[in-house]
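Trainee: File structure34.tsv below, TSV, C-alpha atoms and all ligand atoms:
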```
chain	number	residue	atom	x	y	z
A	1	MET	CA	44.26	-63.80	33.90
A	2	ILE	CA	43.12	-66.37	31.35
A	3	ASP	CA	45.55	-69.07	30.22
A	4	VAL	CA	44.85	-69.51	26.49
A	5	PHE	CA	46.63	-72.85	26.39
A	6	LYS	CA	44.30	-74.21	29.07
A	7	THR	CA	41.36	-73.07	26.94
A	8	ILE	CA	42.83	-74.80	23.92
A	9	GLY	CA	43.64	-77.85	26.10
A	10	ASP	CA	44.57	-80.86	24.00
A	11	ARG	CA	42.63	-79.60	20.97
A	12	PRO	CA	44.80	-79.78	17.83
A	13	VAL	CA	44.47	-76.15	16.68
A	14	THR	CA	46.51	-74.50	13.93
A	15	GLN	CA	49.09	-71.80	14.48
A	16	ALA	CA	46.70	-69.15	13.13
A	17	ILE	CA	44.07	-70.19	15.69
A	18	ALA	CA	46.56	-70.25	18.58
A	19	HIS	CA	47.93	-66.81	17.60
A	20	ALA	CA	44.45	-65.34	17.25
A	21	MET	CA	43.46	-66.68	20.65
A	22	ILE	CA	46.56	-65.30	22.35
A	23	ILE	CA	46.06	-61.84	20.81
A	24	THR	CA	42.32	-61.87	21.49
A	25	ALA	CA	42.83	-62.82	25.13
A	26	ALA	CA	45.29	-59.93	25.50
A	27	LYS	CA	42.93	-57.47	23.80
A	28	ILE	CA	39.97	-58.41	25.96
A	29	ARG	CA	42.16	-58.21	29.06
A	30	ASN	CA	43.62	-54.80	28.18
A	31	TYR	CA	40.46	-53.01	27.06
A	32	LYS	CA	37.75	-51.91	29.48
A	33	ALA	CA	34.67	-52.23	27.25
A	34	PRO	CA	35.00	-54.34	24.10
A	35	LEU	CA	32.05	-54.53	21.71
A	36	LEU	CA	31.33	-57.38	19.27
A	37	SER	CA	29.27	-56.70	16.16
A	38	ILE	CA	27.41	-59.95	15.44
A	39	SER	CA	25.85	-60.82	12.05
A	40	GLY	CA	24.66	-64.41	12.54
A	41	GLY	CA	27.01	-65.58	9.75
A	42	SER	CA	29.67	-68.28	10.11
A	43	ASP	CA	32.66	-65.94	10.59
A	44	SER	CA	30.75	-64.02	13.20
A	45	ASP	CA	29.89	-67.29	15.01
A	46	ILE	CA	33.55	-68.21	15.30
A	47	MET	CA	34.55	-64.75	16.47
A	48	LEU	CA	31.82	-64.82	19.10
A	49	ASP	CA	32.83	-68.26	20.35
A	50	MET	CA	36.47	-67.25	20.65
A	51	CYS	CA	35.85	-63.93	22.37
A	52	TRP	CA	33.32	-65.49	24.76
A	53	ARG	CA	35.84	-68.17	25.81
A	54	LEU	CA	38.52	-65.55	26.41
A	55	ASP	CA	36.34	-63.17	28.39
A	56	PRO	CA	36.38	-64.46	31.97
A	57	ASP	CA	35.16	-61.14	33.41
A	58	LYS	CA	32.23	-60.91	30.96
A	59	LYS	CA	33.27	-57.46	29.74
A	60	VAL	CA	32.16	-57.96	26.13
A	61	THR	CA	28.93	-56.39	24.80
A	62	TYR	CA	27.22	-58.06	21.81
A	63	LYS	CA	25.11	-56.25	19.18
A	64	PHE	CA	23.32	-57.38	16.04
A	65	VAL	CA	22.08	-55.02	13.29
A	66	ASN	CA	18.83	-56.11	11.65
A	67	THR	CA	18.98	-54.78	8.07
A	68	GLY	CA	15.25	-55.32	7.49
A	69	ILE	CA	15.60	-58.42	5.29
A	70	GLU	CA	17.17	-60.93	7.62
A	71	TYR	CA	16.46	-64.63	7.27
A	72	GLU	CA	14.18	-66.03	9.95
A	73	ALA	CA	16.91	-68.66	10.30
A	74	THR	CA	19.39	-65.91	11.22
A	75	LYS	CA	17.02	-64.41	13.79
A	76	ARG	CA	16.46	-67.87	15.32
A	77	HIS	CA	20.20	-68.36	15.38
A	78	ILE	CA	20.75	-65.12	17.30
A	79	LYS	CA	18.33	-66.43	19.97
A	80	PHE	CA	20.16	-69.76	19.95
A	81	LEU	CA	23.49	-67.98	20.52
A	82	GLU	CA	22.03	-66.07	23.45
A	83	GLN	CA	20.98	-69.33	25.07
A	84	LYS	CA	24.08	-71.29	24.21
A	85	TYR	CA	26.48	-68.70	25.63
A	86	GLN	CA	24.12	-67.19	28.21
A	87	ILE	CA	24.68	-63.71	26.82
A	88	GLU	CA	22.46	-60.88	25.67
A	89	ILE	CA	22.74	-59.84	22.01
A	90	GLU	CA	21.12	-56.45	21.59
A	91	GLU	CA	19.23	-56.10	18.31
A	92	MET	CA	19.62	-52.73	16.59
A	93	ARG	CA	17.24	-51.64	13.84
A	94	ALA	CA	18.86	-50.34	10.66
A	95	THR	CA	18.83	-46.55	10.34
A	96	VAL	CA	17.14	-46.97	6.94
A	97	PRO	CA	16.04	-50.61	6.51
A	98	VAL	CA	16.64	-52.19	3.10
A	99	PRO	CA	13.01	-52.00	1.84
A	100	LEU	CA	12.86	-48.29	2.63
A	101	GLY	CA	16.38	-47.65	1.31
A	102	CYS	CA	15.51	-49.23	-2.05
A	103	LYS	CA	12.39	-47.07	-2.33
A	104	LYS	CA	14.15	-43.92	-1.23
A	105	TYR	CA	17.45	-44.18	-3.13
A	106	GLY	CA	17.06	-46.93	-5.74
A	107	GLU	CA	17.78	-50.63	-6.04
A	108	PRO	CA	21.25	-52.17	-5.99
A	109	PHE	CA	22.33	-53.62	-9.34
A	110	LEU	CA	25.32	-55.90	-10.15
A	111	THR	CA	27.97	-54.39	-7.84
A	112	LYS	CA	28.42	-51.43	-5.52
A	113	HIS	CA	30.70	-49.66	-7.97
A	114	VAL	CA	28.40	-50.18	-10.96
A	115	SER	CA	25.40	-49.01	-8.91
A	116	GLU	CA	27.27	-45.93	-7.74
A	117	MET	CA	28.31	-44.97	-11.27
A	118	ILE	CA	24.83	-45.53	-12.74
A	119	SER	CA	23.26	-43.62	-9.89
A	120	ARG	CA	25.50	-40.60	-10.58
A	121	LEU	CA	24.68	-40.73	-14.30
A	122	GLN	CA	20.96	-40.96	-13.54
A	123	ARG	CA	21.21	-37.94	-11.25
A	124	HIS	CA	22.49	-35.96	-14.23
A	125	ASN	CA	19.76	-37.24	-16.52
A	126	PHE	CA	22.30	-39.02	-18.67
A	127	GLN	CA	20.90	-40.33	-21.96
A	128	TRP	CA	23.11	-43.46	-22.26
A	129	GLU	CA	24.94	-42.14	-25.30
A	130	ASP	CA	27.93	-43.71	-27.01
A	131	GLU	CA	30.11	-40.65	-27.49
A	132	PRO	CA	33.75	-39.86	-26.67
A	133	PHE	CA	34.46	-38.71	-23.12
A	134	GLU	CA	35.25	-35.13	-24.20
A	135	VAL	CA	31.85	-34.77	-25.90
A	136	LEU	CA	29.94	-36.21	-22.96
A	137	TYR	CA	31.94	-34.17	-20.44
A	138	GLU	CA	30.83	-31.03	-22.21
A	139	ARG	CA	27.21	-32.18	-22.03
A	140	TYR	CA	27.42	-33.36	-18.43
A	141	PRO	CA	30.21	-31.26	-16.86
A	142	LYS	CA	29.40	-32.21	-13.27
A	143	CYS	CA	29.61	-35.95	-13.77
A	144	LYS	CA	33.27	-36.53	-14.55
A	145	SER	CA	34.08	-39.71	-12.63
A	146	ALA	CA	30.95	-41.58	-13.75
A	147	LEU	CA	31.62	-40.53	-17.35
A	148	ARG	CA	35.18	-41.83	-17.05
A	149	TRP	CA	33.67	-45.17	-15.98
A	150	TRP	CA	31.19	-45.11	-18.87
A	151	CYS	CA	33.87	-44.19	-21.43
A	152	ASN	CA	36.47	-46.68	-20.11
A	153	GLN	CA	38.93	-43.92	-19.31
A	154	HIS	CA	40.58	-45.55	-16.32
A	155	THR	CA	43.91	-47.22	-17.01
A	156	ASN	CA	46.32	-49.20	-14.88
A	157	PRO	CA	50.11	-48.80	-15.04
A	158	GLY	CA	51.31	-50.11	-18.37
A	159	GLY	CA	48.08	-49.03	-20.06
A	160	LYS	CA	46.21	-52.17	-18.97
A	161	ALA	CA	42.42	-52.11	-18.77
A	162	SER	CA	41.19	-51.09	-15.34
A	163	SER	CA	38.48	-52.84	-13.39
A	164	MET	CA	37.11	-49.36	-12.62
A	165	ASN	CA	35.67	-49.20	-16.15
A	166	ILE	CA	32.30	-50.38	-17.40
A	167	SER	CA	34.19	-52.77	-19.72
A	168	LYS	CA	34.85	-54.94	-16.68
A	169	HIS	CA	31.29	-56.18	-17.23
A	170	LEU	CA	31.02	-57.82	-20.60
A	171	LEU	CA	28.62	-55.97	-22.95
A	172	LEU	CA	27.09	-53.94	-20.14
A	173	LYS	CA	27.57	-50.66	-22.01
A	174	GLU	CA	26.03	-52.05	-25.18
A	175	PHE	CA	23.15	-53.46	-23.20
A	176	MET	CA	22.49	-50.19	-21.36
A	177	ILE	CA	22.55	-48.18	-24.58
A	178	GLU	CA	19.97	-50.51	-26.10
A	179	HIS	CA	17.98	-50.92	-22.89
A	180	PRO	CA	18.40	-47.89	-20.63
A	181	PRO	CA	17.29	-48.54	-17.04
A	182	ASP	CA	13.79	-47.25	-16.30
A	183	PHE	CA	14.16	-47.47	-12.50
A	184	HIS	CA	16.50	-45.86	-9.99
A	185	ILE	CA	19.71	-47.72	-9.28
A	186	SER	CA	21.80	-47.00	-6.20
A	187	PRO	CA	24.17	-48.63	-3.70
A	188	MET	CA	22.77	-46.43	-0.94
A	189	CYS	CA	20.68	-49.19	0.61
A	190	CYS	CA	23.96	-50.48	2.11
A	191	GLU	CA	24.60	-47.04	3.56
A	192	GLY	CA	21.34	-46.86	5.52
A	193	ALA	CA	20.99	-50.53	6.41
A	194	LYS	CA	24.57	-51.38	7.27
A	195	LYS	CA	27.14	-48.61	7.28
A	196	ARG	CA	25.20	-45.97	9.20
A	197	PRO	CA	23.98	-48.33	11.94
A	198	PHE	CA	27.51	-49.72	12.33
A	199	ARG	CA	28.91	-46.22	12.54
A	200	ALA	CA	26.23	-45.39	15.13
A	201	ILE	CA	27.24	-48.43	17.18
A	202	GLU	CA	30.91	-47.57	16.90
A	203	GLN	CA	30.29	-43.99	17.91
A	204	GLU	CA	28.30	-44.93	20.98
A	205	GLN	CA	30.15	-43.70	23.97
A	206	GLY	CA	31.85	-46.12	26.27
A	207	TYR	CA	33.27	-48.78	23.96
A	208	ASP	CA	37.03	-48.73	23.59
A	209	LEU	CA	37.42	-51.73	21.26
A	210	VAL	CA	35.07	-52.71	18.41
A	211	CYS	CA	35.44	-56.26	17.05
A	212	VAL	CA	34.09	-57.56	13.74
A	213	GLY	CA	34.34	-61.00	12.11
A	214	ILE	CA	36.10	-59.97	8.90
A	215	ARG	CA	38.64	-62.38	7.39
A	216	LYS	CA	41.35	-61.45	4.92
A	217	PHE	CA	40.63	-64.56	2.86
A	218	GLU	CA	36.89	-64.06	2.55
A	219	ASN	CA	35.53	-63.08	-0.83
A	220	GLY	CA	34.42	-59.52	-1.28
A	221	ILE	CA	35.52	-55.97	-1.10
A	222	ARG	CA	35.03	-55.66	2.67
A	223	SER	CA	38.16	-57.56	3.67
A	224	GLN	CA	40.31	-55.81	1.05
A	225	GLN	CA	39.98	-52.54	2.96
A	226	TYR	CA	42.25	-53.85	5.73
A	227	LYS	CA	45.88	-54.89	5.78
A	228	ASN	CA	45.93	-56.49	9.21
A	229	CYS	CA	43.79	-57.38	12.19
A	230	PHE	CA	44.03	-54.10	14.12
A	231	THR	CA	43.37	-50.44	13.37
A	232	PRO	CA	43.76	-47.81	16.06
A	233	GLY	CA	41.10	-45.09	16.21
A	234	ASP	CA	40.32	-41.85	18.06
A	235	SER	CA	37.30	-42.85	20.13
A	236	HIS	CA	37.95	-46.60	20.00
A	237	ASP	CA	40.28	-49.13	18.41
A	238	ASN	CA	39.14	-51.72	15.85
A	239	TYR	CA	40.06	-55.38	16.04
A	240	ARG	CA	39.32	-58.29	13.69
A	241	PRO	CA	39.93	-61.42	15.80
A	242	ILE	CA	39.80	-64.00	12.99
A	243	PHE	CA	41.32	-61.83	10.26
A	244	TRP	CA	44.03	-64.37	9.37
A	245	PHE	CA	41.82	-67.46	9.41
A	246	THR	CA	41.73	-69.48	6.20
A	247	GLU	CA	38.76	-71.72	5.33
A	248	SER	CA	40.71	-74.62	6.80
A	249	ASP	CA	41.37	-72.74	10.09
A	250	LYS	CA	37.65	-72.07	10.25
A	251	GLN	CA	36.78	-75.73	9.83
A	252	ILE	CA	39.33	-76.80	12.44
A	253	TYR	CA	38.09	-74.20	14.90
A	254	GLU	CA	34.46	-75.22	14.33
A	255	LYS	CA	35.30	-78.84	15.01
A	256	CYS	CA	37.52	-78.19	18.03
A	257	PHE	CA	35.07	-75.89	19.76
A	258	ASN	CA	31.81	-77.33	18.44
A	259	VAL	CA	30.62	-74.14	16.77
A	260	ILE	CA	27.11	-74.46	15.36
A	261	HIS	CA	25.97	-72.20	12.53
A	262	SER	CA	22.46	-71.17	11.52
A	263	ASP	CA	20.14	-73.34	9.43
A	264	CYS	CA	21.17	-71.28	6.41
A	265	TYR	CA	24.44	-73.25	6.51
A	266	HIS	CA	23.60	-76.54	8.23
A	267	VAL	CA	20.19	-77.21	6.68
A	268	TRP	CA	20.09	-75.24	3.43
A	269	GLY	CA	23.78	-75.64	2.53
A	270	MET	CA	24.60	-71.96	1.98
A	271	THR	CA	28.29	-71.06	2.20
A	272	ARG	CA	27.72	-67.44	3.24
A	273	THR	CA	24.81	-65.31	4.34
A	274	GLY	CA	23.99	-61.64	4.34
A	275	CYS	CA	20.95	-59.63	3.33
A	276	ALA	CA	18.50	-62.14	1.86
A	277	GLY	CA	18.44	-62.10	-1.94
A	278	CYS	CA	20.71	-59.06	-2.35
A	279	PRO	CA	21.09	-58.43	-6.12
A	280	PHE	CA	24.82	-57.83	-5.57
A	281	GLY	CA	25.18	-61.59	-5.14
A	282	SER	CA	25.95	-63.15	-8.53
A	283	GLY	CA	24.16	-66.29	-7.37
A	284	PHE	CA	20.94	-64.54	-6.38
A	285	GLU	CA	18.83	-66.90	-8.54
A	286	ASP	CA	20.04	-69.93	-6.55
A	287	GLU	CA	19.50	-68.03	-3.33
A	288	LEU	CA	15.94	-67.17	-4.37
A	289	GLU	CA	15.26	-70.86	-4.90
A	290	LEU	CA	16.43	-71.62	-1.37
A	291	ILE	CA	14.37	-68.75	0.01
A	292	ILE	CA	11.14	-69.77	-1.75
A	293	ASN	CA	11.50	-73.31	-0.43
A	294	ASN	CA	12.37	-72.37	3.13
A	295	GLU	CA	11.04	-68.87	3.85
A	296	PRO	CA	8.19	-68.12	1.40
A	297	LYS	CA	7.17	-64.90	3.18
A	298	LEU	CA	10.69	-63.55	2.86
A	299	TYR	CA	10.67	-64.60	-0.81
A	300	ASN	CA	7.57	-62.47	-1.42
A	301	ALA	CA	9.25	-59.55	0.31
A	302	VAL	CA	12.59	-59.67	-1.53
A	303	THR	CA	11.04	-60.24	-4.97
A	304	LYS	CA	9.04	-57.10	-4.38
A	305	ILE	CA	11.89	-55.02	-2.98
A	306	PHE	CA	14.40	-55.98	-5.69
A	307	HIS	CA	11.93	-56.65	-8.51
A	308	ASN	CA	13.38	-54.15	-11.01
A	309	SER	CA	16.96	-55.10	-10.32
A	310	TYR	CA	16.32	-58.84	-10.70
A	311	GLU	CA	14.50	-58.25	-14.00
A	312	TYR	CA	17.16	-55.92	-15.35
A	313	THR	CA	19.94	-58.34	-14.37
A	314	ARG	CA	18.10	-61.21	-16.08
A	315	ARG	CA	17.72	-59.15	-19.25
A	316	TYR	CA	21.39	-58.22	-19.12
A	317	ARG	CA	22.40	-61.88	-18.71
A	318	GLU	CA	20.21	-62.93	-21.62
A	319	TYR	CA	21.65	-60.13	-23.72
A	320	LYS	CA	25.18	-61.18	-22.85
A	321	ASN	CA	24.54	-64.81	-23.71
A	322	SER	CA	22.90	-64.03	-27.01
A	323	HIS	CA	25.54	-61.46	-28.09
A	324	LYS	CA	28.73	-63.08	-26.84
A	325	THR	CA	29.38	-65.04	-30.01
A	326	SER	CA	28.85	-62.11	-32.37
A	327	ARG	CA	30.93	-59.68	-30.34
A	328	ASN	CA	34.15	-60.06	-32.33
A	329	THR	CA	32.52	-58.72	-35.44
A	330	ALA	CA	30.52	-55.96	-33.73
A	331	LYS	CA	31.39	-52.28	-34.08
A	332	PRO	CA	33.43	-51.33	-30.98
A	333	MET	CA	31.91	-48.88	-28.50
A	334	THR	CA	33.77	-45.73	-27.52
A	335	GLY	CA	36.70	-46.57	-25.28
A	336	GLN	CA	35.99	-50.27	-25.66
A	337	ILE	CA	38.86	-52.66	-25.09
A	338	SER	CA	39.70	-55.69	-27.15
A	339	ILE	CA	37.94	-58.87	-26.11
A	340	PHE	CA	41.39	-60.37	-25.57
A	341	ASP	CA	42.14	-57.82	-22.81
A	342	PHE	CA	38.89	-58.61	-21.16
A	343	GLN	CA	38.63	-60.12	-17.72
A	344	GLU	CA	35.07	-61.05	-17.11
A	345	VAL	CA	33.56	-61.00	-13.65
A	346	LYS	CA	30.75	-63.35	-12.72
A	347	ASN	CA	27.50	-61.39	-12.78
A	401	LIG	S1	24.11	-56.01	1.07
A	401	LIG	FE1	22.60	-55.64	-0.57
A	401	LIG	S2	20.60	-55.69	0.37
A	401	LIG	FE2	22.12	-55.56	2.01
A	401	LIG	S3	22.22	-53.41	2.48
A	401	LIG	FE3	23.82	-53.80	0.96
A	401	LIG	S4	22.89	-53.48	-1.04
A	401	LIG	FE4	21.24	-53.59	0.47
```
What would the structure in this file look like if it were written as structure tokens?

Mentor:
Amino acid sequence: MIDVFKTIGDRPVTQAIAHAMIITAAKIRNYKAPLLSISGGSDSDIMLDMCWRLDPDKKVTYKFVNTGIEYEATKRHIKFLEQKYQIEIEEMRATVPVPLGCKKYGEPFLTKHVSEMISRLQRHNFQWEDEPFEVLYERYPKCKSALRWWCNQHTNPGGKASSMNISKHLLLKEFMIEHPPDFHISPMCCEGAKKRPFRAIEQEQGYDLVCVGIRKFENGIRSQQYKNCFTPGDSHDNYRPIFWFTESDKQIYEKCFNVIHSDCYHVWGMTRTGCAGCPFGSGFEDELELIINNEPKLYNAVTKIFHNSYEYTRRYREYKNSHKTSRNTAKPMTGQISIFDFQEVKN
């Protein structure tokens, strides 16, 4: 049986790190076949390091899903991890890699929710009209939830504007009415490149515990799906070893255990990685600059795959900037909220 405190030794770890290590040691001890889903990102690196240290019987299996637009730096890093820890990290191909997914379903634009709503409207041949919900619902009776988004029908308790509405994105409705999209938009690329392969891994027989490097305090929708670090399941349980780590816990852990991240972090200065150049990232322009300087082949690939989405986002941003000042005097769109109720998101 592993003594966590011996592993920690005289390293000055935080309470969150000590707790996570105690629980992780117990999980690895009590499950027969734990599986770690590795991404090559910084959270995943820390999870891997911790689980590897607390796995004296080498029970853990490591897998990495290649979405089809991984940084070369990430692929190199996966090899580095194999050598550093003397483990095998099995590479899984995405069920539908990103380039194919974008061709097949459409390109991601702004956010998952926005892409999903636009995709539904496009499926019903919506004409980007500014009419009341009741009128549009009569014209497009099978498209209720997307029309509710378009017409800003969602409300929060107390009548407050909901982030489920198109009004969450400043002037997006006005922009789309004036410049309807002439390409397919969809969030489905995530489904084929990430969700399905992960589900396939999870459903593989034989694993009784699946671990992922999700943290509660990370940005993004992914961590908001979970309330704590453990979720029991039918075929296997799910565990998030570093769920309660803050940024500061991460830094302390990295220092104490000498965790090395990929060049994306150490050399290029990125603070998080994922699919290269994904248009869901509000900072995709900065990311593209890093990619062109460091991985020109990948730059050519992503600017082709996401060409329409990048262009449409740029046009939307220009539109927003040029119309922001005149918005107070503009005729309000149907279901539009006052600018004073508005909470802009960065996109
Ligand atoms: S994160 Fe972006 S590029 Fe990656 S699978 Fe999802 S939508 Fe596609």

Trainee: Within 10 Å of A:Val98, counting all atoms listed in the file, which residues qualify if same-chain residues fewer than 4 places away don't, as an mmCIF file with C-alpha atoms, in the frame of the given file?

Mentor:
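Final output, saved to out06.cif:
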```
data_model
loop_
_atom_site.group_PDB
_atom_site.id
_atom_site.type_symbol
_atom_site.label_atom_id
_atom_site.label_comp_id
_atom_site.auth_asym_id
_atom_site.auth_seq_id
_atom_site.Cartn_x
_atom_site.Cartn_y
_atom_site.Cartn_z
ATOM 1 C CA ASN A 66 18.830 -56.110 11.650
ATOM 2 C CA THR A 67 18.980 -54.780 8.070
ATOM 3 C CA GLY A 68 15.250 -55.320 7.490
ATOM 4 C CA ILE A 69 15.600 -58.420 5.290
ATOM 5 C CA GLU A 70 17.170 -60.930 7.620
ATOM 6 C CA ALA A 94 18.860 -50.340 10.660
ATOM 7 C CA CYS A 102 15.510 -49.230 -2.050
ATOM 8 C CA LYS A 103 12.390 -47.070 -2.330
ATOM 9 C CA LYS A 104 14.150 -43.920 -1.230
ATOM 10 C CA GLU A 107 17.780 -50.630 -6.040
ATOM 11 C CA MET A 188 22.770 -46.430 -0.940
ATOM 12 C CA CYS A 189 20.680 -49.190 0.610
ATOM 13 C CA CYS A 190 23.960 -50.480 2.110
ATOM 14 C CA GLU A 191 24.600 -47.040 3.560
ATOM 15 C CA GLY A 192 21.340 -46.860 5.520
ATOM 16 C CA ALA A 193 20.990 -50.530 6.410
ATOM 17 C CA LYS A 194 24.570 -51.380 7.270
ATOM 18 C CA CYS A 275 20.950 -59.630 3.330
ATOM 19 C CA CYS A 278 20.710 -59.060 -2.350
ATOM 20 C CA VAL A 302 12.590 -59.670 -1.530
ATOM 21 C CA ILE A 305 11.890 -55.020 -2.980
ATOM 22 C CA PHE A 306 14.400 -55.980 -5.690
#
```

Trainee: Atom CA of A:Ala146 and atom CA of A:Gly158, how far apart in Å?

Mentor: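 That distance, rounded to one decimal, is 22.6 Å.
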
Trainee: Of the candidates A:Met270, A:Ile118, A:Leu136, A:Val65, which one gets nearest to ligand LIG 401 (chain A) if we count all atoms listed in the file?

Mentor: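 Counting all atoms listed in the file, the residue closest to ligand LIG 401 (chain A) is A:Val65.
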
Trainee: Could you tell me which of A:Lys195, A:Arg148, A:Arg314, A:Lys27 comes closest to ligand LIG 401 (chain A) if we count all atoms listed in the file?

Mentor: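 Checking each of A:Lys195, A:Arg148, A:Arg314, A:Lys27 against ligand LIG 401 (chain A), counting all atoms listed in the file, the winner is A:Lys195.
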
Trainee: Pick the closest to ligand LIG 401 (chain A) from A:Ser42, A:Ser186, A:Thr61, A:Thr246: which is it, counting all atoms listed in the file?

Mentor: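 Among the listed residues, A:Ser186 lies closest to ligand LIG 401 (chain A).
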
Trainee: Could you check the closest approach to ligand LIG 401 (chain A) for each of A:Arg196, A:Lys79, A:Lys160, A:Lys6 and tell me which residue wins, using only C-alpha atoms and all ligand atoms?

Mentor: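 For ligand LIG 401 (chain A), the nearest of the candidates is A:Arg196.
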
Trainee: What does the structure give for the distance between atom CA of A:Ala26 and atom CA of A:Tyr207, in Å to one decimal?

Mentor: 16.5 Å

Trainee: Restricting the calculation to all atoms listed in the file: of A:His19, A:Arg317, A:Arg139, A:Arg53, which residue gets closest to A:His124?

Mentor: A:Arg139

Trainee: Return as AutoDock Vina command-line options the box centre and box size in Å, one decimal, for an axis-aligned box around all listed atoms of ligand LIG 401 (chain A) padded by 3 Å per side.

Mentor:
```
--center_x 22.4 --center_y -54.7 --center_z 0.7 --size_x 9.5 --size_y 8.6 --size_z 9.5
```

Trainee: For a quick check of understanding, using all atoms listed in the file, which of A:Leu170, A:Ala25, A:Ser248, A:Pro99 has the smallest distance to A:Lys304?

Mentor: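 Using all atoms listed in the file, the shortest distance to A:Lys304 belongs to A:Pro99.
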
Trainee: Which neighbours of A:Trp244 fall inside 7 Å, counting only C-alpha atoms, when residues of the same chain fewer than 6 positions from it are skipped, and could you give them as number ranges by chain?

Mentor: A: 16, 215-216

Trainee: Quick one: everything within 12 Å of A:Leu172, counting all atoms listed in the file, minus sequence neighbours fewer than 3 positions away in the same chain. Send it as JSON, numbers by chain.

Mentor: {"A": [109, 110, 114, 118, 128, 149, 150, 151, 152, 165, 166, 167, 168, 169, 175, 176, 177, 178, 179, 180, 181, 312, 313, 315, 316, 317, 318, 319, 320, 321, 323, 324, 333, 336, 344, 345, 347]}

Trainee: Those same residues - C-alpha atoms - I'd like them written as a PDB file, in the coordinates of the input.

Mentor:
```pdb
ATOM      1  CA  PHE A 109      22.330 -53.620  -9.340  1.00  0.00           C
ATOM      2  CA  LEU A 110      25.320 -55.900 -10.150  1.00  0.00           C
ATOM      3  CA  VAL A 114      28.400 -50.180 -10.960  1.00  0.00           C
ATOM      4  CA  ILE A 118      24.830 -45.530 -12.740  1.00  0.00           C
ATOM      5  CA  TRP A 128      23.110 -43.460 -22.260  1.00  0.00           C
ATOM      6  CA  TRP A 149      33.670 -45.170 -15.980  1.00  0.00           C
ATOM      7  CA  TRP A 150      31.190 -45.110 -18.870  1.00  0.00           C
ATOM      8  CA  CYS A 151      33.870 -44.190 -21.430  1.00  0.00           C
ATOM      9  CA  ASN A 152      36.470 -46.680 -20.110  1.00  0.00           C
ATOM     10  CA  ASN A 165      35.670 -49.200 -16.150  1.00  0.00           C
ATOM     11  CA  ILE A 166      32.300 -50.380 -17.400  1.00  0.00           C
ATOM     12  CA  SER A 167      34.190 -52.770 -19.720  1.00  0.00           C
ATOM     13  CA  LYS A 168      34.850 -54.940 -16.680  1.00  0.00           C
ATOM     14  CA  HIS A 169      31.290 -56.180 -17.230  1.00  0.00           C
ATOM     15  CA  PHE A 175      23.150 -53.460 -23.200  1.00  0.00           C
ATOM     16  CA  MET A 176      22.490 -50.190 -21.360  1.00  0.00           C
ATOM     17  CA  ILE A 177      22.550 -48.180 -24.580  1.00  0.00           C
ATOM     18  CA  GLU A 178      19.970 -50.510 -26.100  1.00  0.00           C
ATOM     19  CA  HIS A 179      17.980 -50.920 -22.890  1.00  0.00           C
ATOM     20  CA  PRO A 180      18.400 -47.890 -20.630  1.00  0.00           C
ATOM     21  CA  PRO A 181      17.290 -48.540 -17.040  1.00  0.00           C
ATOM     22  CA  TYR A 312      17.160 -55.920 -15.350  1.00  0.00           C
ATOM     23  CA  THR A 313      19.940 -58.340 -14.370  1.00  0.00           C
ATOM     24  CA  ARG A 315      17.720 -59.150 -19.250  1.00  0.00           C
ATOM     25  CA  TYR A 316      21.390 -58.220 -19.120  1.00  0.00           C
ATOM     26  CA  ARG A 317      22.400 -61.880 -18.710  1.00  0.00           C
ATOM     27  CA  GLU A 318      20.210 -62.930 -21.620  1.00  0.00           C
ATOM     28  CA  TYR A 319      21.650 -60.130 -23.720  1.00  0.00           C
ATOM     29  CA  LYS A 320      25.180 -61.180 -22.850  1.00  0.00           C
ATOM     30  CA  ASN A 321      24.540 -64.810 -23.710  1.00  0.00           C
ATOM     31  CA  HIS A 323      25.540 -61.460 -28.090  1.00  0.00           C
ATOM     32  CA  LYS A 324      28.730 -63.080 -26.840  1.00  0.00           C
ATOM     33  CA  MET A 333      31.910 -48.880 -28.500  1.00  0.00           C
ATOM     34  CA  GLN A 336      35.990 -50.270 -25.660  1.00  0.00           C
ATOM     35  CA  GLU A 344      35.070 -61.050 -17.110  1.00  0.00           C
ATOM     36  CA  VAL A 345      33.560 -61.000 -13.650  1.00  0.00           C
ATOM     37  CA  ASN A 347      27.500 -61.390 -12.780  1.00  0.00           C
TER      38      ASN A 347
END
```
